[in-house]
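Notes for the one structure printed next.
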Amino acid sequence: MQEPRIVVAGLGTIGQGFLALLDQQRPQLEALGVAPRVVGVLDSGGAAWAPQGLDLKAVRAVKALGASVRTLTGAGREWTGSQLMDEARADYLIEATHTDLRTGEPGLSLVREALQCGMHVVLANKGPLVTAFAELKRLGEFGSGSDRPRIRISGATCGALPTSSVGLRDFRGGTILSLEAVLNSTTQIILSRMREGLTYADALAEAKRVGVAETDPSLDVEGWDTANKLVILANAVLGQPTTLRDVPTEGITRINPALLEAAESQGGRVLLLARAEKVGSQYILSVRPTIVDGRHPLSRLGTDEMGILYRTDIFGRTLITNAEQGALGASAAMLKDLIGLVFED
Ligand SMILES: NC(=O)c1ccc[n+]([C@@H]2O[C@H](COP(=O)([O-])OP(=O)(O)OC[C@H]3O[C@@H](n4cnc5c(N)ncnc54)[C@H](OP(=O)(O)O)[C@@H]3O)[C@@H](O)[C@H]2O)c1
């Protein structure tokens with residue numbers, strides 16, 4: 001039985017979901033020969049540490065009360081992330097702190113330190129990837145085949161929808177010619193409701209009412225969430241150094257009803273499409289509302305689905321779709337990445 005020693009940074013929806021899955025999926029993990037041991041956890045108020053492994057139910061109970069893990073009996077510490085990492089001497093960092101797309105912090109410093117200590121890192125947080133990809137690539141390995149610490153990013157690139165893992169693993173020996181993807185579920189739901197006749201304002205109001213859209217939905221509806229994910233995929237999967245400035249981005253806020261009608265008349269759809277197309281030695285990138293006709297594989301995406309279509313030279317066309325699993329999907333994606341790292345794939 002392998003017993004990977006883990007530190008989990010960030011104990012909000014995703015971090016707590018990950019801890020819950022470690023308990024819930026224990027039989028499946030043991031069947032695989034993995035018994036993860038969480039030796040440290042970190043939130044904004046401090047840390048908890050137990051070299052023999054923390055009681056995960058006790059950690060979740062403290063968070064359910066809205067308290068910091070610093071208050072956990074016997075294990076709580078007034079430590080920074082850096083102090084925890086020094087003491088815990090873990091093999092893996094699970095990084096699920098909040099996203100800051102300007103500085104990448106606090107995740108960036110944690111990821112940097114973990115990689116410098118030789119730890120492998122699993123991220124749900126896009127911040128460090130969008131703000132400092134080149135630095136992280138110097139410190140760690142996004143693919144496989146080197147003995148440097150490895151970095152896995154499924155949780156940051158659409159959670160349960162396999163985007164980066166397929167792109168990095170399943171086309172080896174070939175070339176990705178293009179990538180087209182719907183990477184944001186909120187906009188997919190709003191566009192679906194508009195197709196049914198709602199105005200943009202009404203569709204957005206409904207999405208907010210049912211909790212699909214944030215109170216401030218600008219990151220989603222202005223296309224930046226999709227663009228951030230495309231930046232990460234371009235860097236990690238396509239191998240093209242990319243920042244947000246390289247991605248012309250248009251969201252769905254100014255969609256003209258005529259565009260929706262034009263799509264309908266072709267038996268197609270309007271999607272908020274992330275595209276990367278190989279032209280010469282470069283990929284041309286964009287995020288914009290796009291008409292896809294009825295023969296396009298992504299035109300069949302359901303209301304609550306995201307999807308990615310890779311076209312390659314020797315593997316043909318690969319379509320992957322996933323019905324939204326929300327926060328559970330991102331936590332599950334982190335678990336999948338951890339298992340993959342334990343088995344070195
Ligand atoms: N929610 C989703 O559906 C989803 C899906 C995919 C990816 N993601 C990404 O996953 C990450 C986590 O998302 P979430 O929804 O779980 O966020 P969240 O609920 O806001 O949780 C963020 C966590 O980070 C902790 N934190 C804040 N500052 C910190 C610091 N300086 N040091 C250590 N920890 C700190 C917070 O501590 P406290 O508990 O003390 O406040 C909290 O536990 C984000 O980057 C998000 O973009 C989320």
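Lettering and numbering for the structure tokens are positional, with chains as A, B, ... in the shown order, residues counted from 1 in each chain, and ligands counted from 1 in the shown order.
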**OP:** Tell me which protein, DNA and RNA residues are within 9 Å of region 213-221 of chain A, counting only C-alpha atoms, leaving out same-chain ones fewer than 4 positions away, and put them as number ranges by chain.
**Re:** A: 184-187, 190, 204-209, 225-226, 250-253
Those same residues, written as a PDB file, in the first residue's frame with C-alpha atoms?
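That gives us result.pdb:
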```
ATOM      1  CA  ASN A 184     -17.409  27.742 -18.895  1.00  0.00           C
ATOM      2  CA  SER A 185     -20.706  26.269 -17.778  1.00  0.00           C
ATOM      3  CA  THR A 186     -22.349  29.530 -16.654  1.00  0.00           C
ATOM      4  CA  THR A 187     -22.207  31.046 -20.148  1.00  0.00           C
ATOM      5  CA  ILE A 190     -27.179  31.450 -20.244  1.00  0.00           C
ATOM      6  CA  LEU A 204     -28.497  36.077 -16.482  1.00  0.00           C
ATOM      7  CA  ALA A 205     -31.022  36.967 -13.759  1.00  0.00           C
ATOM      8  CA  GLU A 206     -32.305  33.392 -13.787  1.00  0.00           C
ATOM      9  CA  ALA A 207     -28.759  31.987 -13.651  1.00  0.00           C
ATOM     10  CA  LYS A 208     -28.091  34.158 -10.591  1.00  0.00           C
ATOM     11  CA  ARG A 209     -31.360  33.134  -8.973  1.00  0.00           C
ATOM     12  CA  ASP A 225     -12.707  32.643 -17.145  1.00  0.00           C
ATOM     13  CA  THR A 226     -12.690  30.894 -20.522  1.00  0.00           C
ATOM     14  CA  GLU A 250     -15.105  38.755 -26.228  1.00  0.00           C
ATOM     15  CA  GLY A 251     -17.816  37.588 -23.857  1.00  0.00           C
ATOM     16  CA  ILE A 252     -21.541  37.091 -24.284  1.00  0.00           C
ATOM     17  CA  THR A 253     -22.752  40.397 -22.820  1.00  0.00           C
TER      18      THR A 253
END
```
At a cut-off of 12 Å, using only C-alpha atoms, what residues contact Arg5 (chain A)? Leave out same-chain residues fewer than 3 positions from it and give the result as a PDB file with N, CA and C atoms, in the first residue's frame.
```pdb
ATOM      1  N   GLN A   2       0.637   2.154  -0.938  1.00  0.00           N
ATOM      2  CA  GLN A   2       1.365   3.414  -0.939  1.00  0.00           C
ATOM      3  C   GLN A   2       0.655   4.407  -0.015  1.00  0.00           C
ATOM      4  N   VAL A   8      -2.820  19.947   2.344  1.00  0.00           N
ATOM      5  CA  VAL A   8      -3.918  20.578   1.601  1.00  0.00           C
ATOM      6  C   VAL A   8      -3.973  22.051   1.997  1.00  0.00           C
ATOM      7  N   VAL A  34      -3.641   2.655  -2.638  1.00  0.00           N
ATOM      8  CA  VAL A  34      -3.247   3.989  -2.172  1.00  0.00           C
ATOM      9  C   VAL A  34      -4.000   4.332  -0.893  1.00  0.00           C
ATOM     10  N   ALA A  35      -3.279   4.730   0.131  1.00  0.00           N
ATOM     11  CA  ALA A  35      -3.904   5.176   1.386  1.00  0.00           C
ATOM     12  C   ALA A  35      -3.313   6.545   1.739  1.00  0.00           C
ATOM     13  N   PRO A  36      -3.866   7.623   1.147  1.00  0.00           N
ATOM     14  CA  PRO A  36      -3.289   8.948   1.372  1.00  0.00           C
ATOM     15  C   PRO A  36      -3.369   9.345   2.844  1.00  0.00           C
ATOM     16  N   ARG A  37      -2.305  10.023   3.283  1.00  0.00           N
ATOM     17  CA  ARG A  37      -2.269  10.502   4.668  1.00  0.00           C
ATOM     18  C   ARG A  37      -2.122  12.021   4.625  1.00  0.00           C
ATOM     19  N   VAL A  38      -3.157  12.733   5.105  1.00  0.00           N
ATOM     20  CA  VAL A  38      -3.096  14.197   5.116  1.00  0.00           C
ATOM     21  C   VAL A  38      -2.377  14.616   6.396  1.00  0.00           C
ATOM     22  N   VAL A  39      -1.137  15.083   6.241  1.00  0.00           N
ATOM     23  CA  VAL A  39      -0.340  15.423   7.435  1.00  0.00           C
ATOM     24  C   VAL A  39      -0.440  16.905   7.789  1.00  0.00           C
ATOM     25  N   GLY A  40      -0.948  17.734   6.838  1.00  0.00           N
ATOM     26  CA  GLY A  40      -1.071  19.160   7.139  1.00  0.00           C
ATOM     27  C   GLY A  40      -2.197  19.789   6.351  1.00  0.00           C
ATOM     28  N   VAL A  41      -2.867  20.754   6.965  1.00  0.00           N
ATOM     29  CA  VAL A  41      -3.896  21.549   6.264  1.00  0.00           C
ATOM     30  C   VAL A  41      -3.693  23.010   6.625  1.00  0.00           C
ATOM     31  N   TRP A  49      -1.411  20.258  11.918  1.00  0.00           N
ATOM     32  CA  TRP A  49      -0.333  19.344  11.538  1.00  0.00           C
ATOM     33  C   TRP A  49      -0.353  18.114  12.424  1.00  0.00           C
ATOM     34  N   ALA A  50      -0.252  16.956  11.817  1.00  0.00           N
ATOM     35  CA  ALA A  50      -0.130  15.708  12.571  1.00  0.00           C
ATOM     36  C   ALA A  50       0.674  14.748  11.713  1.00  0.00           C
ATOM     37  N   PRO A  51       1.908  14.441  12.121  1.00  0.00           N
ATOM     38  CA  PRO A  51       2.783  13.619  11.278  1.00  0.00           C
ATOM     39  C   PRO A  51       2.199  12.245  10.974  1.00  0.00           C
ATOM     40  N   GLN A  52       1.377  11.741  11.872  1.00  0.00           N
ATOM     41  CA  GLN A  52       0.791  10.410  11.646  1.00  0.00           C
ATOM     42  C   GLN A  52      -0.472  10.478  10.807  1.00  0.00           C
ATOM     43  N   GLY A  53      -0.938  11.687  10.509  1.00  0.00           N
ATOM     44  CA  GLY A  53      -2.155  11.868   9.696  1.00  0.00           C
ATOM     45  C   GLY A  53      -3.247  12.521  10.511  1.00  0.00           C
ATOM     46  N   LEU A  54      -3.883  13.539   9.929  1.00  0.00           N
ATOM     47  CA  LEU A  54      -4.951  14.264  10.630  1.00  0.00           C
ATOM     48  C   LEU A  54      -6.253  13.482  10.591  1.00  0.00           C
ATOM     49  N   MET A  85       4.889  23.790   5.544  1.00  0.00           N
ATOM     50  CA  MET A  85       5.598  22.996   4.539  1.00  0.00           C
ATOM     51  C   MET A  85       6.946  22.520   5.086  1.00  0.00           C
ATOM     52  N   ALA A  88       6.048  19.736   7.764  1.00  0.00           N
ATOM     53  CA  ALA A  88       5.269  18.554   7.353  1.00  0.00           C
ATOM     54  C   ALA A  88       6.086  17.571   6.515  1.00  0.00           C
ATOM     55  N   ARG A  89       7.044  18.090   5.762  1.00  0.00           N
ATOM     56  CA  ARG A  89       7.870  17.231   4.897  1.00  0.00           C
ATOM     57  C   ARG A  89       7.000  16.244   4.105  1.00  0.00           C
ATOM     58  N   ALA A  90       5.999  16.800   3.448  1.00  0.00           N
ATOM     59  CA  ALA A  90       5.063  15.967   2.697  1.00  0.00           C
ATOM     60  C   ALA A  90       5.583  15.724   1.277  1.00  0.00           C
ATOM     61  N   ASP A  91       4.911  14.832   0.571  1.00  0.00           N
ATOM     62  CA  ASP A  91       5.292  14.518  -0.818  1.00  0.00           C
ATOM     63  C   ASP A  91       4.455  15.314  -1.812  1.00  0.00           C
ATOM     64  N   TYR A  92       3.233  15.712  -1.395  1.00  0.00           N
ATOM     65  CA  TYR A  92       2.294  16.332  -2.338  1.00  0.00           C
ATOM     66  C   TYR A  92       1.644  17.560  -1.718  1.00  0.00           C
ATOM     67  N   LEU A  93       1.510  18.614  -2.532  1.00  0.00           N
ATOM     68  CA  LEU A  93       0.700  19.771  -2.132  1.00  0.00           C
ATOM     69  C   LEU A  93      -0.573  19.772  -2.970  1.00  0.00           C
ATOM     70  N   ILE A  94      -1.713  19.820  -2.284  1.00  0.00           N
ATOM     71  CA  ILE A  94      -3.001  19.998  -2.945  1.00  0.00           C
ATOM     72  C   ILE A  94      -3.365  21.465  -2.752  1.00  0.00           C
ATOM     73  N   MET A 119       8.368  18.697  -3.741  1.00  0.00           N
ATOM     74  CA  MET A 119       7.009  18.131  -3.662  1.00  0.00           C
ATOM     75  C   MET A 119       6.317  18.209  -5.020  1.00  0.00           C
ATOM     76  N   HIS A 120       5.464  17.237  -5.302  1.00  0.00           N
ATOM     77  CA  HIS A 120       4.592  17.315  -6.471  1.00  0.00           C
ATOM     78  C   HIS A 120       3.377  18.171  -6.099  1.00  0.00           C
ATOM     79  N   LEU A 338      -3.956  13.318  -8.118  1.00  0.00           N
ATOM     80  CA  LEU A 338      -3.097  12.766  -7.056  1.00  0.00           C
ATOM     81  C   LEU A 338      -2.794  11.291  -7.334  1.00  0.00           C
ATOM     82  N   VAL A 342       0.830   9.484  -7.903  1.00  0.00           N
ATOM     83  CA  VAL A 342       1.344   8.385  -7.074  1.00  0.00           C
ATOM     84  C   VAL A 342       1.853   7.257  -7.972  1.00  0.00           C
TER      85      VAL A 342
END
```
Contacts of Glu105 (chain A) at 12 Å or less, counting only C-alpha atoms, minus same-chain residues fewer than 6 places along, as a PDB file with C-alpha atoms, in the first residue's frame?
```
ATOM      1  CA  GLY A  10      -7.263  26.057   1.050  1.00  0.00           C
ATOM      2  CA  SER A  44      -6.417  31.817   6.017  1.00  0.00           C
ATOM      3  CA  GLY A  81       2.065  27.983   4.829  1.00  0.00           C
ATOM      4  CA  GLU A  95      -3.506  23.715  -3.723  1.00  0.00           C
ATOM      5  CA  ALA A  96      -7.076  25.024  -3.451  1.00  0.00           C
ATOM      6  CA  THR A  97      -6.762  28.558  -2.122  1.00  0.00           C
ATOM      7  CA  HIS A  98      -8.797  31.337  -3.712  1.00  0.00           C
ATOM      8  CA  THR A  99      -7.876  32.654  -7.163  1.00  0.00           C
ATOM      9  CA  VAL A 111       3.381  26.193  -5.105  1.00  0.00           C
ATOM     10  CA  ARG A 112       6.825  27.733  -5.613  1.00  0.00           C
ATOM     11  CA  ASN A 125      -6.361  27.401  -8.472  1.00  0.00           C
ATOM     12  CA  LYS A 126      -5.814  29.111 -11.841  1.00  0.00           C
ATOM     13  CA  GLY A 127      -4.040  32.117 -10.272  1.00  0.00           C
ATOM     14  CA  PRO A 128      -0.465  30.770 -10.132  1.00  0.00           C
ATOM     15  CA  LEU A 129      -0.837  29.176 -13.577  1.00  0.00           C
ATOM     16  CA  VAL A 130      -2.095  32.323 -15.302  1.00  0.00           C
ATOM     17  CA  THR A 131       0.296  34.737 -13.588  1.00  0.00           C
ATOM     18  CA  ALA A 132       3.510  32.693 -13.464  1.00  0.00           C
TER      19      ALA A 132
END
```
**OP:** Run DSSP on the backbone and grab whatever in region 248-284 of chain A lands in strand (DSSP E or B); send it over as a ChimeraX atom specification.
**Re:** /A:249,269-279,282-284
Writing out the chosen residues with N, CA, C and O atoms as an mmCIF file, in the first residue's frame:
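Contents of out_22.cif, as written:
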```
data_model
loop_
_atom_site.group_PDB
_atom_site.id
_atom_site.type_symbol
_atom_site.label_atom_id
_atom_site.label_comp_id
_atom_site.auth_asym_id
_atom_site.auth_seq_id
_atom_site.Cartn_x
_atom_site.Cartn_y
_atom_site.Cartn_z
ATOM 1 N N THR A 249 -10.360 38.476 -26.581
ATOM 2 C CA THR A 249 -11.452 37.897 -25.780
ATOM 3 C C THR A 249 -12.712 38.747 -25.868
ATOM 4 O O THR A 249 -12.674 39.959 -25.664
ATOM 5 N N ARG A 269 -25.695 26.404 -33.339
ATOM 6 C CA ARG A 269 -25.723 27.042 -32.020
ATOM 7 C C ARG A 269 -24.740 28.191 -31.977
ATOM 8 O O ARG A 269 -23.759 28.200 -32.713
ATOM 9 N N VAL A 270 -24.966 29.107 -31.029
ATOM 10 C CA VAL A 270 -23.918 30.063 -30.663
ATOM 11 C C VAL A 270 -23.279 29.534 -29.380
ATOM 12 O O VAL A 270 -23.971 29.260 -28.408
ATOM 13 N N LEU A 271 -21.966 29.376 -29.417
ATOM 14 C CA LEU A 271 -21.218 28.938 -28.234
ATOM 15 C C LEU A 271 -20.188 29.993 -27.873
ATOM 16 O O LEU A 271 -19.667 30.681 -28.769
ATOM 17 N N LEU A 272 -19.864 30.103 -26.598
ATOM 18 C CA LEU A 272 -18.696 30.916 -26.228
ATOM 19 C C LEU A 272 -17.493 29.991 -26.413
ATOM 20 O O LEU A 272 -17.196 29.140 -25.567
ATOM 21 N N LEU A 273 -16.841 30.143 -27.566
ATOM 22 C CA LEU A 273 -15.853 29.151 -27.996
ATOM 23 C C LEU A 273 -14.423 29.638 -27.741
ATOM 24 O O LEU A 273 -14.048 30.736 -28.154
ATOM 25 N N ALA A 274 -13.664 28.791 -27.065
ATOM 26 C CA ALA A 274 -12.214 28.997 -26.966
ATOM 27 C C ALA A 274 -11.586 28.239 -28.133
ATOM 28 O O ALA A 274 -11.910 27.066 -28.346
ATOM 29 N N ARG A 275 -10.720 28.914 -28.878
ATOM 30 C CA ARG A 275 -10.118 28.248 -30.050
ATOM 31 C C ARG A 275 -8.608 28.425 -30.029
ATOM 32 O O ARG A 275 -8.097 29.487 -29.652
ATOM 33 N N ALA A 276 -7.932 27.386 -30.469
ATOM 34 C CA ALA A 276 -6.499 27.476 -30.747
ATOM 35 C C ALA A 276 -6.300 26.743 -32.062
ATOM 36 O O ALA A 276 -6.653 25.561 -32.166
ATOM 37 N N GLU A 277 -5.790 27.431 -33.059
ATOM 38 C CA GLU A 277 -5.616 26.792 -34.364
ATOM 39 C C GLU A 277 -4.175 26.943 -34.812
ATOM 40 O O GLU A 277 -3.613 28.040 -34.786
ATOM 41 N N LYS A 278 -3.571 25.839 -35.223
ATOM 42 C CA LYS A 278 -2.157 25.875 -35.613
ATOM 43 C C LYS A 278 -2.032 26.464 -37.003
ATOM 44 O O LYS A 278 -2.614 25.946 -37.973
ATOM 45 N N VAL A 279 -1.308 27.552 -37.082
ATOM 46 C CA VAL A 279 -1.037 28.176 -38.382
ATOM 47 C C VAL A 279 0.474 28.309 -38.457
ATOM 48 O O VAL A 279 1.067 29.085 -37.701
ATOM 49 N N GLN A 282 2.754 28.415 -35.091
ATOM 50 C CA GLN A 282 2.088 29.093 -33.970
ATOM 51 C C GLN A 282 0.624 28.664 -33.856
ATOM 52 O O GLN A 282 0.008 28.330 -34.873
ATOM 53 N N TYR A 283 0.102 28.744 -32.655
ATOM 54 C CA TYR A 283 -1.340 28.601 -32.472
ATOM 55 C C TYR A 283 -1.957 29.994 -32.379
ATOM 56 O O TYR A 283 -1.475 30.839 -31.621
ATOM 57 N N ILE A 284 -3.003 30.219 -33.174
ATOM 58 C CA ILE A 284 -3.757 31.470 -33.091
ATOM 59 C C ILE A 284 -4.893 31.229 -32.101
ATOM 60 O O ILE A 284 -5.669 30.270 -32.254
#
```
**OP:** Please identify the residues whose atoms come within 9 Å of ligand 1, using only C-alpha atoms and all ligand atoms, and report them as a PyMOL selection string.
**Re:** chain A and resi 9-17+41-47+63+66-69+80-81+95-100+105-107+110+123-127+154-159+325-331
Please dump the current selection as a compact mmCIF listing (two decimals), in the first residue's frame; keep N, CA and C atoms.
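Now in out03.txt:
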```txt
# COMPACT_ATOMS: atom_id res chain seq x y z
N ALA A 9 -3.78 22.94 1.02
CA ALA A 9 -3.86 24.39 1.27
C ALA A 9 -5.15 24.91 0.67
N GLY A 10 -5.96 25.57 1.52
CA GLY A 10 -7.26 26.06 1.05
C GLY A 10 -8.33 25.04 1.40
N LEU A 11 -9.21 25.43 2.34
CA LEU A 11 -10.23 24.48 2.82
C LEU A 11 -11.61 25.08 2.65
N GLY A 12 -11.85 25.66 1.46
CA GLY A 12 -13.19 26.11 1.11
C GLY A 12 -13.95 24.96 0.48
N THR A 13 -14.80 25.29 -0.47
CA THR A 13 -15.62 24.27 -1.12
C THR A 13 -14.77 23.14 -1.70
N ILE A 14 -13.73 23.51 -2.42
CA ILE A 14 -12.95 22.49 -3.13
C ILE A 14 -12.04 21.71 -2.18
N GLY A 15 -11.34 22.41 -1.29
CA GLY A 15 -10.46 21.72 -0.36
C GLY A 15 -11.23 20.78 0.55
N GLN A 16 -12.36 21.26 1.09
CA GLN A 16 -13.18 20.39 1.96
C GLN A 16 -13.76 19.24 1.15
N GLY A 17 -14.15 19.53 -0.10
CA GLY A 17 -14.68 18.46 -0.96
C GLY A 17 -13.63 17.38 -1.19
N VAL A 41 -2.87 20.75 6.97
CA VAL A 41 -3.90 21.55 6.26
C VAL A 41 -3.69 23.01 6.63
N LEU A 42 -4.15 23.88 5.69
CA LEU A 42 -3.89 25.31 5.84
C LEU A 42 -5.12 26.09 5.40
N ASP A 43 -5.51 27.08 6.21
CA ASP A 43 -6.53 28.03 5.74
C ASP A 43 -6.03 29.44 6.01
N SER A 44 -6.90 30.44 5.89
CA SER A 44 -6.42 31.82 6.02
C SER A 44 -6.03 32.15 7.46
N GLY A 45 -6.44 31.30 8.42
CA GLY A 45 -6.18 31.61 9.84
C GLY A 45 -5.02 30.83 10.43
N GLY A 46 -4.46 29.89 9.69
CA GLY A 46 -3.36 29.10 10.25
C GLY A 46 -3.36 27.68 9.72
N ALA A 47 -2.75 26.78 10.50
CA ALA A 47 -2.51 25.42 10.00
C ALA A 47 -2.90 24.39 11.05
N LYS A 63 -14.12 23.35 10.12
CA LYS A 63 -14.45 24.27 9.01
C LYS A 63 -15.96 24.48 8.93
N GLY A 66 -17.08 27.28 10.75
CA GLY A 66 -16.58 28.58 10.29
C GLY A 66 -15.28 28.99 10.97
N ALA A 67 -14.66 28.04 11.67
CA ALA A 67 -13.42 28.37 12.39
C ALA A 67 -12.19 28.01 11.55
N SER A 68 -11.03 28.48 12.02
CA SER A 68 -9.78 28.12 11.36
C SER A 68 -9.29 26.78 11.89
N VAL A 69 -8.56 26.05 11.07
CA VAL A 69 -7.95 24.79 11.53
C VAL A 69 -6.88 25.05 12.61
N THR A 80 2.38 29.85 9.27
CA THR A 80 2.15 30.24 7.87
C THR A 80 2.26 28.96 7.02
N GLY A 81 1.93 29.12 5.75
CA GLY A 81 2.07 27.98 4.83
C GLY A 81 3.50 27.51 4.76
N GLU A 95 -3.38 22.26 -3.84
CA GLU A 95 -3.51 23.72 -3.72
C GLU A 95 -4.90 24.16 -4.15
N ALA A 96 -5.69 24.62 -3.17
CA ALA A 96 -7.08 25.02 -3.45
C ALA A 96 -7.41 26.30 -2.70
N THR A 97 -6.44 27.25 -2.69
CA THR A 97 -6.76 28.56 -2.12
C THR A 97 -7.50 29.37 -3.18
N HIS A 98 -7.99 30.54 -2.79
CA HIS A 98 -8.80 31.34 -3.71
C HIS A 98 -7.93 31.86 -4.87
N THR A 99 -8.60 32.21 -5.96
CA THR A 99 -7.88 32.65 -7.16
C THR A 99 -7.64 34.16 -7.13
N ASP A 100 -6.38 34.56 -7.28
CA ASP A 100 -6.05 35.97 -7.50
C ASP A 100 -5.33 36.04 -8.85
N GLU A 105 -1.29 35.07 -5.75
CA GLU A 105 -1.14 34.72 -4.32
C GLU A 105 -2.48 34.44 -3.64
N PRO A 106 -2.49 33.68 -2.57
CA PRO A 106 -1.34 33.09 -1.86
C PRO A 106 -0.82 31.80 -2.50
N GLY A 107 -1.53 31.32 -3.54
CA GLY A 107 -1.18 30.01 -4.10
C GLY A 107 0.22 29.98 -4.70
N LEU A 110 3.01 29.30 -2.27
CA LEU A 110 2.93 27.92 -1.75
C LEU A 110 3.43 26.92 -2.79
N LEU A 123 -3.09 21.42 -8.58
CA LEU A 123 -3.77 22.72 -8.42
C LEU A 123 -5.22 22.68 -8.88
N ALA A 124 -6.09 23.38 -8.09
CA ALA A 124 -7.42 23.76 -8.60
C ALA A 124 -7.43 25.24 -8.93
N ASN A 125 -6.43 25.94 -8.43
CA ASN A 125 -6.36 27.40 -8.47
C ASN A 125 -5.66 27.86 -9.75
N LYS A 126 -6.39 28.64 -10.56
CA LYS A 126 -5.81 29.11 -11.84
C LYS A 126 -4.79 30.23 -11.63
N GLY A 127 -4.86 30.93 -10.48
CA GLY A 127 -4.04 32.12 -10.27
C GLY A 127 -2.55 31.91 -10.56
N SER A 154 -5.73 19.46 -13.57
CA SER A 154 -7.10 19.13 -14.02
C SER A 154 -8.15 19.98 -13.31
N GLY A 155 -7.97 20.18 -12.00
CA GLY A 155 -8.96 20.93 -11.23
C GLY A 155 -9.07 22.39 -11.66
N ALA A 156 -8.01 22.91 -12.27
CA ALA A 156 -8.01 24.31 -12.70
C ALA A 156 -8.48 24.47 -14.14
N THR A 157 -8.64 23.36 -14.84
CA THR A 157 -9.01 23.44 -16.26
C THR A 157 -10.26 22.59 -16.52
N CYS A 158 -11.36 22.99 -15.87
CA CYS A 158 -12.69 22.42 -16.07
C CYS A 158 -12.99 21.17 -15.25
N GLY A 159 -12.24 20.95 -14.20
CA GLY A 159 -12.61 19.91 -13.23
C GLY A 159 -12.81 18.55 -13.85
N GLN A 325 -20.39 18.80 -13.10
CA GLN A 325 -20.37 18.21 -11.76
C GLN A 325 -20.07 19.26 -10.71
N GLY A 326 -20.00 20.52 -11.15
CA GLY A 326 -19.78 21.63 -10.22
C GLY A 326 -18.54 21.43 -9.38
N ALA A 327 -18.68 21.83 -8.12
CA ALA A 327 -17.52 21.80 -7.23
C ALA A 327 -17.03 20.37 -7.00
N LEU A 328 -17.94 19.39 -6.97
CA LEU A 328 -17.52 18.01 -6.76
C LEU A 328 -16.55 17.58 -7.87
N GLY A 329 -16.86 18.03 -9.10
CA GLY A 329 -16.00 17.65 -10.23
C GLY A 329 -14.58 18.15 -10.06
N ALA A 330 -14.42 19.37 -9.53
CA ALA A 330 -13.06 19.91 -9.35
C ALA A 330 -12.33 19.14 -8.25
N SER A 331 -13.04 18.83 -7.15
CA SER A 331 -12.40 18.04 -6.08
C SER A 331 -12.02 16.64 -6.60
```
**OP:** Have a look at CA of Ser144 (chain A) and CA of Ser178 (chain A) and let me know their distance in Å, one decimal.
**Re:** 22.1 Å
**OP:** Determine, counting only C-alpha atoms, which protein, DNA and RNA residues have an atom within 12 Å of an atom of region 312-315 of chain A; residues of the same chain fewer than 5 positions away are not included. Present the result as a PyMOL selection string.
**Re:** chain A and resi 167+170-180+238+277-278
Original post:
Separation of CA of Leu244 (chain A) and CA of Ile232 (chain A), in Å?
Top reply: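 Taking CA of Leu244 (chain A) and CA of Ile232 (chain A), their separation equals 9.5 Å.
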Original post:
Got a sec: who's within 8 Å of Gly294 (chain A), counting only C-alpha atoms, leaving out chain neighbours fewer than 2 positions off, as a ChimeraX atom specification?
Top reply: /A:266-269,292,296-297,299-300
**OP:** From region 60-258 of chain A, collect each residue whose DSSP state is helix (DSSP H, G or I) and return the set as a VMD selection string.
**Re:** chain A and resid 60 to 64 69 to 71 81 to 88 107 to 116 126 to 139 154 to 156 164 to 169 185 to 195 200 to 209 218 to 221 224 to 236 244 to 246 257 to 258
Subject >> Residue nearest Thr163 (chain A) among A:Arg193, A:Arg148, A:Lys229, A:Lys137 (counting only C-alpha atoms) >> reply: A:Lys229
Original post:
With only C-alpha atoms as the basis for distance, which of A:Asp337, A:Glu261, A:Glu141, A:Glu324 is at the shortest distance from Ala236 (chain A)?
Top reply: A:Glu141
Original post:
When you draw a straight line from CA of Leu260 (chain A) to CA of Val287 (chain A), how long is it in Å?
Top reply: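 About the pair CA of Leu260 (chain A) and CA of Val287 (chain A): they are 17.2 Å apart.
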Original post:
With distances taken over only C-alpha atoms, which of A:Leu230, A:Leu301, A:Ala263, A:Leu309 is nearest to Arg245 (chain A)?
Top reply: A:Leu230
